[in-house]
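Next up, model-v1.cif (mmCIF, C-alpha atoms):
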data_run
loop_
_atom_site.label_atom_id
_atom_site.label_comp_id
_atom_site.auth_asym_id
_atom_site.auth_seq_id
_atom_site.Cartn_x
_atom_site.Cartn_y
_atom_site.Cartn_z
CA MET S 1088 13.83 14.66 183.00
CA ARG S 1089 16.98 15.76 181.17
CA VAL S 1090 20.00 15.30 183.44
CA LEU S 1091 23.59 16.51 183.27
CA VAL S 1092 26.05 14.07 184.84
CA THR S 1093 29.57 15.41 185.40
CA GLY S 1094 32.35 12.87 185.80
CA ALA S 1095 30.07 10.54 183.85
CA ALA S 1096 32.86 8.17 182.77
CA GLY S 1097 34.09 7.71 186.34
CA PHE S 1098 33.51 4.83 188.74
CA PHE S 1099 30.08 5.90 190.01
CA GLY S 1100 29.07 7.71 186.82
CA SER S 1101 29.49 4.63 184.64
CA VAL S 1102 26.80 2.89 186.73
CA ILE S 1103 24.55 5.91 187.32
CA VAL S 1104 24.17 6.85 183.63
CA PRO S 1105 22.63 3.52 182.48
CA ARG S 1106 20.37 3.56 185.54
CA LEU S 1107 19.10 7.05 184.69
CA ILE S 1108 18.33 6.02 181.13
CA ALA S 1109 16.55 2.87 182.33
CA GLU S 1110 14.39 5.12 184.52
CA GLY S 1111 13.36 7.16 181.46
CA HIS S 1112 15.71 10.16 181.68
CA ASP S 1113 17.75 11.72 178.90
CA VAL S 1114 21.38 12.18 179.95
CA ILE S 1115 24.15 14.60 179.04
CA CYS S 1116 27.41 12.86 179.96
CA LEU S 1117 30.25 15.26 180.71
CA ASP S 1118 33.84 14.21 181.32
CA THR S 1119 37.34 15.05 180.15
CA GLU S 1120 38.90 13.26 177.19
CA GLU S 1121 41.25 11.58 179.66
CA GLY S 1122 38.27 10.38 181.67
CA TRP S 1123 36.52 8.96 178.62
CA GLY S 1124 39.69 7.23 177.49
CA SER S 1125 40.52 5.60 180.81
CA ASN S 1126 37.23 3.86 181.62
CA ARG S 1127 36.75 0.91 179.32
CA ARG S 1128 33.87 -0.36 181.46
CA ALA S 1129 31.87 2.81 180.81
CA ARG S 1130 32.48 2.69 177.08
CA GLU S 1131 31.43 -0.96 176.89
CA SER S 1132 28.34 -0.61 179.07
CA TRP S 1133 27.04 2.37 177.12
CA ARG S 1134 27.21 0.77 173.66
CA ALA S 1135 23.78 -0.78 174.15
CA LEU S 1136 22.19 2.45 175.37
CA PRO S 1137 19.86 4.31 172.98
CA SER S 1138 21.88 7.01 171.24
CA ASP S 1139 18.93 9.41 171.14
CA ARG S 1140 18.77 9.41 174.94
CA LEU S 1141 22.44 10.02 175.62
CA SER S 1142 24.84 12.75 174.53
CA GLN S 1143 28.54 13.02 175.34
CA VAL S 1144 30.46 16.21 176.06
CA PHE S 1145 34.25 16.40 176.34
CA ALA S 1146 34.93 19.24 178.76
CA ASP S 1147 36.77 20.28 181.91
CA ILE S 1148 34.43 21.65 184.60
CA THR S 1149 36.96 24.38 185.40
CA SER S 1150 37.00 25.63 181.79
CA SER S 1151 35.96 29.21 181.07
CA THR S 1152 34.19 27.88 177.96
CA LEU S 1153 32.09 25.31 179.82
CA GLU S 1154 28.85 27.15 179.13
CA SER S 1155 29.42 27.07 175.37
CA LEU S 1156 30.22 23.34 175.36
CA VAL S 1157 27.23 21.96 177.28
CA PRO S 1158 23.87 21.91 175.50
CA GLY S 1159 20.76 22.95 177.34
CA PRO S 1160 18.33 23.26 178.89
CA PHE S 1161 18.36 20.45 181.47
CA ASP S 1162 16.31 19.76 184.58
CA GLY S 1163 18.79 18.26 187.01
CA VAL S 1164 22.48 17.71 187.72
CA ILE S 1165 24.39 14.85 189.29
CA HIS S 1166 27.80 16.36 189.99
CA LEU S 1167 30.45 13.65 190.40
CA ALA S 1168 33.49 15.23 188.74
CA ALA S 1169 36.21 15.76 191.33
CA MET S 1170 39.76 15.13 192.40
CA ALA S 1171 38.70 12.31 194.71
CA ALA S 1172 41.88 10.76 196.14
CA PRO S 1173 42.79 12.48 199.44
CA ARG S 1174 46.53 11.83 199.08
CA GLU S 1175 46.54 13.28 195.59
CA CYS S 1176 44.73 16.37 196.87
CA ASP S 1177 47.33 16.83 199.62
CA ARG S 1178 50.13 16.57 197.06
CA ASN S 1179 48.62 19.31 194.90
CA PRO S 1180 46.25 21.58 196.88
CA PRO S 1181 45.96 24.29 194.19
CA ARG S 1182 44.75 21.74 191.65
CA ALA S 1183 42.40 20.17 194.20
CA PHE S 1184 40.79 23.53 195.01
CA ASN S 1185 40.52 24.42 191.34
CA ILE S 1186 38.78 21.17 190.37
CA ASN S 1187 36.71 20.53 193.48
CA VAL S 1188 35.72 24.04 194.56
CA ASN S 1189 36.02 26.23 191.48
CA GLY S 1190 34.72 23.37 189.33
CA THR S 1191 31.67 22.91 191.55
CA HIS S 1192 31.03 26.65 191.43
CA GLN S 1193 31.15 26.58 187.62
CA VAL S 1194 28.71 23.67 187.44
CA LEU S 1195 26.33 25.35 189.91
CA LYS S 1196 26.32 28.50 187.76
CA LEU S 1197 25.72 26.39 184.65
CA ALA S 1198 22.81 24.66 186.39
CA LEU S 1199 21.15 28.02 187.03
CA GLN S 1200 21.76 29.20 183.48
CA ARG S 1201 20.20 26.05 182.04
CA GLY S 1202 17.14 26.12 184.29
CA ALA S 1203 17.95 23.11 186.46
CA ARG S 1204 15.66 22.55 189.41
CA ARG S 1205 17.73 19.93 191.27
CA PHE S 1206 21.46 19.53 192.01
CA VAL S 1207 22.92 16.39 193.59
CA MET S 1208 26.61 16.53 194.51
CA ALA S 1209 29.16 13.94 195.58
CA SER S 1210 30.39 14.68 199.07
CA SER S 1211 32.15 12.27 201.42
CA ALA S 1212 31.84 10.80 204.90
CA HIS S 1213 35.42 11.97 205.45
CA VAL S 1214 33.97 15.40 206.29
CA TYR S 1215 33.29 13.97 209.78
CA GLY S 1216 36.96 13.18 210.32
CA VAL S 1217 38.64 9.80 210.66
CA SER S 1218 37.65 8.65 213.28
CA PRO S 1219 34.51 10.71 213.99
CA LYS S 1220 33.62 11.82 217.52
CA TYR S 1221 30.86 9.21 217.78
CA LEU S 1222 29.62 6.07 216.01
CA PRO S 1223 27.39 5.44 214.20
CA THR S 1224 27.71 8.90 212.71
CA ASP S 1225 24.70 10.93 211.60
CA GLU S 1226 24.51 14.15 209.61
CA ARG S 1227 24.42 16.31 212.76
CA HIS S 1228 28.03 15.41 213.55
CA PRO S 1229 30.36 18.46 213.41
CA LEU S 1230 32.46 18.76 210.27
CA TRP S 1231 36.25 18.60 210.42
CA LEU S 1232 38.67 20.32 208.04
CA GLN S 1233 40.98 17.34 208.31
CA ASP S 1234 42.90 17.64 205.03
CA THR S 1235 42.75 19.24 201.61
CA TYR S 1236 40.18 16.82 200.26
CA THR S 1237 37.71 17.15 203.13
CA THR S 1238 38.11 20.92 203.12
CA THR S 1239 37.13 21.07 199.44
CA LYS S 1240 34.09 18.88 200.06
CA ILE S 1241 32.89 21.01 202.96
CA LEU S 1242 33.29 24.12 200.80
CA ASP S 1243 31.35 22.39 198.00
CA GLU S 1244 28.47 21.71 200.36
CA GLN S 1245 28.50 25.34 201.47
CA LEU S 1246 28.42 26.50 197.85
CA CYS S 1247 25.34 24.36 197.28
CA GLN S 1248 23.70 25.87 200.35
CA LEU S 1249 24.60 29.35 199.08
CA PHE S 1250 22.94 28.69 195.71
CA HIS S 1251 19.90 27.29 197.48
CA ASP S 1252 19.58 30.27 199.82
CA ASN S 1253 20.21 32.92 197.16
CA TYR S 1254 18.70 31.38 194.03
CA GLY S 1255 16.36 28.62 195.23
CA LEU S 1256 18.34 25.76 193.65
CA SER S 1257 17.29 22.57 195.44
CA TYR S 1258 20.22 20.31 196.30
CA ALA S 1259 21.36 17.21 198.14
CA ALA S 1260 24.96 16.44 199.17
CA LEU S 1261 25.53 12.69 199.42
CA ARG S 1262 28.14 11.89 202.06
CA VAL S 1263 29.16 8.53 200.69
CA TYR S 1264 31.13 6.10 202.83
CA ASN S 1265 33.62 3.63 201.30
CA GLY S 1266 32.29 2.83 197.86
CA TYR S 1267 33.69 -0.21 196.06
CA GLY S 1268 32.84 -2.54 193.21
CA PRO S 1269 33.78 -3.61 189.68
CA GLY S 1270 35.58 -1.00 187.62
CA GLN S 1271 37.08 1.00 190.48
CA GLY S 1272 40.54 2.27 189.65
CA LEU S 1273 43.77 1.69 191.50
CA GLY S 1274 44.51 3.90 194.48
CA TYR S 1275 41.50 2.59 196.39
CA PHE S 1276 41.72 -0.20 198.95
CA VAL S 1277 39.78 -3.02 197.30
CA SER S 1278 41.35 -2.50 193.87
CA ASP S 1279 44.84 -2.28 195.35
CA MET S 1280 44.27 -5.50 197.33
CA LEU S 1281 43.05 -7.27 194.17
CA LEU S 1282 46.22 -6.28 192.34
CA LYS S 1283 48.44 -7.47 195.18
CA ALA S 1284 46.50 -10.72 195.55
CA ARG S 1285 46.90 -11.48 191.87
CA GLU S 1286 50.63 -11.04 192.32
CA GLY S 1287 50.48 -13.61 195.14
CA ARG S 1288 51.19 -11.59 198.27
CA ILE S 1289 49.51 -8.91 200.38
CA GLU S 1290 51.37 -7.11 203.14
CA LEU S 1291 48.73 -5.15 205.00
CA MET S 1292 49.13 -2.09 207.19
CA GLY S 1293 46.19 -1.02 209.34
CA TRP S 1294 44.67 -4.46 209.90
CA ASP S 1295 42.14 -3.25 212.50
CA VAL S 1296 41.07 -0.08 210.70
CA THR S 1297 37.35 -0.31 209.95
CA LYS S 1298 35.27 1.17 207.15
CA ASP S 1299 31.61 1.14 206.18
CA TRP S 1300 31.72 -0.49 202.74
CA VAL S 1301 28.90 0.36 200.32
CA TYR S 1302 28.58 -1.33 196.93
CA VAL S 1303 28.58 0.77 193.76
CA ASP S 1304 25.09 -0.31 192.63
CA ASP S 1305 23.65 0.79 195.97
CA VAL S 1306 25.44 4.13 195.65
CA ALA S 1307 23.99 4.62 192.15
CA ASP S 1308 20.52 3.88 193.52
CA ALA S 1309 21.01 6.57 196.16
CA TYR S 1310 21.94 9.16 193.54
CA THR S 1311 18.92 8.53 191.35
CA ARG S 1312 16.63 8.62 194.38
CA ALA S 1313 18.22 11.88 195.56
CA LEU S 1314 17.67 13.40 192.12
CA ALA S 1315 13.93 12.69 192.39
CA SER S 1316 13.70 13.83 196.02
CA GLY S 1317 12.90 17.29 197.27
CA PHE S 1318 15.03 16.98 200.41
CA VAL S 1319 17.60 19.77 200.82
CA GLY S 1320 20.84 19.13 202.69
CA ALA S 1321 23.33 16.37 203.47
CA ILE S 1322 22.48 12.66 203.35
CA ASN S 1323 24.73 9.83 204.55
CA ILE S 1324 25.07 6.86 202.22
CA GLY S 1325 26.43 3.80 204.00
CA THR S 1326 25.37 0.38 205.24
CA GLY S 1327 25.45 0.80 209.02
CA ARG S 1328 27.91 -2.08 209.23
CA GLU S 1329 31.66 -1.81 209.71
CA ALA S 1330 34.30 -4.28 208.56
CA SER S 1331 38.05 -4.14 209.04
CA LEU S 1332 40.68 -3.83 206.35
CA GLY S 1333 41.99 -7.15 207.60
CA HIS S 1334 38.64 -8.86 206.96
CA VAL S 1335 38.33 -7.46 203.43
CA ALA S 1336 41.94 -8.32 202.59
CA THR S 1337 41.44 -11.85 203.91
CA VAL S 1338 38.45 -12.45 201.63
CA ILE S 1339 40.42 -11.21 198.63
CA ALA S 1340 43.59 -13.13 199.53
CA ASN S 1341 41.64 -16.37 199.96
CA ALA S 1342 39.99 -15.94 196.57
CA PHE S 1343 43.41 -15.78 194.88
CA GLU S 1344 45.21 -18.14 197.29
CA ALA S 1345 47.59 -15.28 198.08
CA VAL S 1346 49.77 -14.95 201.17
CA LEU S 1347 48.46 -12.29 203.56
CA THR S 1348 50.62 -10.92 206.37
CA PRO S 1349 50.37 -7.85 208.62
CA SER S 1350 52.91 -5.19 207.75
CA PRO S 1351 55.76 -4.86 210.26
CA ALA S 1352 55.90 -1.12 209.61
CA ASN S 1353 54.78 1.19 212.38
CA ALA S 1354 51.25 2.35 211.71
CA PRO S 1355 48.94 4.78 213.51
CA GLY S 1356 46.31 3.33 215.79
CA PRO S 1357 43.15 1.86 214.28
CA THR S 1358 40.44 4.21 213.09
CA ARG S 1359 36.75 3.47 212.67
CA MET S 1360 33.96 4.58 210.35
CA LEU S 1361 30.32 3.58 210.75
CA CYS S 1362 27.34 5.21 209.08
CA ASP S 1363 23.97 6.15 210.50
CA ALA S 1364 21.91 5.98 207.29
CA SER S 1365 18.51 6.54 208.90
CA ARG S 1366 18.04 9.87 207.10
CA ALA S 1367 18.61 8.21 203.71
CA PHE S 1368 15.92 5.66 204.54
CA ARG S 1369 13.55 8.34 205.82
CA VAL S 1370 13.86 10.92 203.03
CA LEU S 1371 14.86 8.75 200.04
CA GLY S 1372 13.41 5.37 200.91
CA TRP S 1373 16.95 4.09 200.34
CA GLN S 1374 18.67 1.19 201.99
CA PRO S 1375 21.63 -0.92 200.82
CA LYS S 1376 20.80 -4.24 199.16
CA VAL S 1377 24.23 -5.78 198.54
CA GLN S 1378 25.99 -7.31 201.55
CA LEU S 1379 29.78 -6.97 201.76
CA GLU S 1380 30.50 -10.64 201.00
CA GLU S 1381 28.29 -10.56 197.90
CA GLY S 1382 29.77 -7.26 196.74
CA LEU S 1383 33.31 -8.54 197.15
CA SER S 1384 32.40 -11.73 195.28
CA ARG S 1385 31.03 -9.70 192.34
CA THR S 1386 34.08 -7.46 192.36
CA ILE S 1387 36.52 -10.37 192.45
CA GLU S 1388 34.69 -12.13 189.59
CA ALA S 1389 34.74 -8.96 187.46
CA TRP S 1390 38.46 -8.54 188.18
CA ARG S 1391 39.16 -12.12 187.05
CA LYS S 1392 37.36 -11.50 183.75
CA GLN S 1393 39.09 -8.20 183.01
CA THR S 1394 42.68 -9.10 183.91
CA PRO S 1395 44.88 -11.77 182.31
#
Give the structure from this file in structure tokens form.
Amino acid sequence: MRVLVTGAAGFFGSVIVPRLIAEGHDVICLDTEEGWGSNRRARESWRALPSDRLSQVFADITSSTLESLVPGPFDGVIHLAAMAAPRECDRNPPRAFNINVNGTHQVLKLALQRGARRFVMASSAHVYGVSPKYLPTDERHPLWLQDTYTTTKILDEQLCQLFHDNYGLSYAALRVYNGYGPGQGLGYFVSDMLLKAREGRIELMGWDVTKDWVYVDDVADAYTRALASGFVGAINIGTGREASLGHVATVIANAFEAVLTPSPANAPGPTRMLCDASRAFRVLGWQPKVQLEEGLSRTIEAWRKQTP
């Protein structure tokens, strides 16, 4: 299979691309020049990949010239490119809607033009709201237009359903819970805690907030399985285990012998997230393999090697 991966130089993409090639696929890697330049881990990990199996395209998914820049045909798409930080989306809603909604529409149209038979998009468990109405949360839970980011993701899923209903394009929307692992940029909890721990002190707000933490390699496995699947619709990707911010911060602080204290600032009450991943197991044969403690250990070790 020949596969287009958008956002290929990003956190998940840099792990998914080598996995696709190892499974025998040819890959078209699409990202912006800024994206290519910012992810050293992707550049390093791809040096050993066979050049005849991988092509790189510098392009913006919102560009009117996207069709002329991406070679074809291709059989499938893994669509990761997005404005993924909720706070950043709230600060600039027009940009968020342009990248996340218009960009997804452009990539869906490109998929049809190039003869793709399968489209896998990056959605988010945040579409259920934080906290959801019930835990663990399955895909039947009502969706909540909680903020700019979640609104764009819900619209993306609806666009995929529209293209399936009108044009027969098979799709899966992976509602990923809290992904983490080596190479994740700042602005996400684990990476921010690693930076603070290296500096010797963590002051943590939201100690009792819980998340369902899923390691990057397990997320990549879910994407490649979804690409090969014929299931149409949303699929939760999470571990079915919740752990608090306080627990994760404690593990990181102990690894760096950093001081960890609760923040005295007033914070909203604790929220919870917990995945029901039974559909992923049933339709993809997927289940997470990396426990939180092991994933944090790998992430901490990678951080030590990459930072002075």
What's around Asn1187 in chain S at 9 Å? Count all atoms listed in the file, leave out sequence neighbours fewer than 6 positions away in its own chain, and write the answer as JSON, numbers by chain.
{"S": [1149, 1168, 1169, 1170, 1171, 1236, 1239, 1240, 1242, 1243]}
Limited to C-alpha atoms, could you put the picked residues into a file as a PDB file, in the coordinates of the input?
ATOM      1  CA  THR S1149      36.960  24.380 185.400  1.00  0.00           C
ATOM      2  CA  ALA S1168      33.490  15.230 188.740  1.00  0.00           C
ATOM      3  CA  ALA S1169      36.210  15.760 191.330  1.00  0.00           C
ATOM      4  CA  MET S1170      39.760  15.130 192.400  1.00  0.00           C
ATOM      5  CA  ALA S1171      38.700  12.310 194.710  1.00  0.00           C
ATOM      6  CA  TYR S1236      40.180  16.820 200.260  1.00  0.00           C
ATOM      7  CA  THR S1239      37.130  21.070 199.440  1.00  0.00           C
ATOM      8  CA  LYS S1240      34.090  18.880 200.060  1.00  0.00           C
ATOM      9  CA  LEU S1242      33.290  24.120 200.800  1.00  0.00           C
ATOM     10  CA  ASP S1243      31.350  22.390 198.000  1.00  0.00           C
TER      11      ASP S1243
END
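CA of Gly1372 in chain S lies 17.8 Å from CA of Tyr1264 in chain S.
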So the first atom is CA of Val1335 in chain S and the second is CA of Val1277 in chain S; what is the distance between them in Å, to one decimal place?
7.7 Å
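Each of S:Leu1361, S:Phe1368, S:Arg1391, S:Glu1381 was compared to Lys1220 in chain S using only C-alpha atoms, and S:Leu1361 turns out to be the nearest.
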Which residues fall under the PyMOL selection byres ((chain S and resi 1379) around 10) in this file, as a PyMOL selection string?
chain S and resi 1267+1299-1302+1326+1328-1330+1335+1376-1378+1380-1385
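Shortest atom-to-atom contact with Leu1281 in chain S among S:Arg1205, S:Gly1216, S:Ile1148, S:Gln1393: S:Gln1393, counting all atoms listed in the file.
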Identify all residues satisfying the PyMOL selection byres ((chain S and resi 1157-1164) around 7) in the given file; provide them as a PDB file with C-alpha atoms, in the frame of the given file.
ATOM      1  CA  MET S1088      13.830  14.660 183.000  1.00  0.00           C
ATOM      2  CA  ARG S1089      16.980  15.760 181.170  1.00  0.00           C
ATOM      3  CA  VAL S1090      20.000  15.300 183.440  1.00  0.00           C
ATOM      4  CA  LEU S1091      23.590  16.510 183.270  1.00  0.00           C
ATOM      5  CA  VAL S1092      26.050  14.070 184.840  1.00  0.00           C
ATOM      6  CA  VAL S1144      30.460  16.210 176.060  1.00  0.00           C
ATOM      7  CA  LEU S1153      32.090  25.310 179.820  1.00  0.00           C
ATOM      8  CA  GLU S1154      28.850  27.150 179.130  1.00  0.00           C
ATOM      9  CA  SER S1155      29.420  27.070 175.370  1.00  0.00           C
ATOM     10  CA  LEU S1156      30.220  23.340 175.360  1.00  0.00           C
ATOM     11  CA  ILE S1165      24.390  14.850 189.290  1.00  0.00           C
ATOM     12  CA  HIS S1166      27.800  16.360 189.990  1.00  0.00           C
ATOM     13  CA  ARG S1201      20.200  26.050 182.040  1.00  0.00           C
ATOM     14  CA  GLY S1202      17.140  26.120 184.290  1.00  0.00           C
ATOM     15  CA  ALA S1203      17.950  23.110 186.460  1.00  0.00           C
ATOM     16  CA  ARG S1204      15.660  22.550 189.410  1.00  0.00           C
ATOM     17  CA  ARG S1205      17.730  19.930 191.270  1.00  0.00           C
ATOM     18  CA  PHE S1206      21.460  19.530 192.010  1.00  0.00           C
ATOM     19  CA  VAL S1207      22.920  16.390 193.590  1.00  0.00           C
TER      20      VAL S1207
END
The PyMOL selection byres ((chain S and resi 1104) around 8) applied to the shown file, residues as a PyMOL selection string:
chain S and resi 1092+1095+1100-1103+1105-1108+1114+1116
For CA of Leu1117 in chain S and CA of Gln1143 in chain S, the interatomic separation in Å (one decimal)
6.1 Å
Anything within 10 Å of (53.6, -10.2, 203.5): list those residues as a PyMOL selection string, counting all atoms listed in the file and sticking to the file's coordinates.
chain S and resi 1287-1292+1345-1351
Give me the residues within 9 Å of Glu1244 in chain S as JSON, numbers by chain, counting all atoms listed in the file and dropping any in the same chain fewer than 2 places off.
{"S": [1208, 1210, 1239, 1240, 1241, 1242, 1246, 1247, 1248, 1249, 1259, 1260, 1320, 1321]}
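With only C-alpha atoms as the atoms that count, the minimum distance from Ala1198 in chain S to the choices S:Ala1309, S:Leu1256, S:Ile1322, S:Leu1261 is reached by S:Leu1256.
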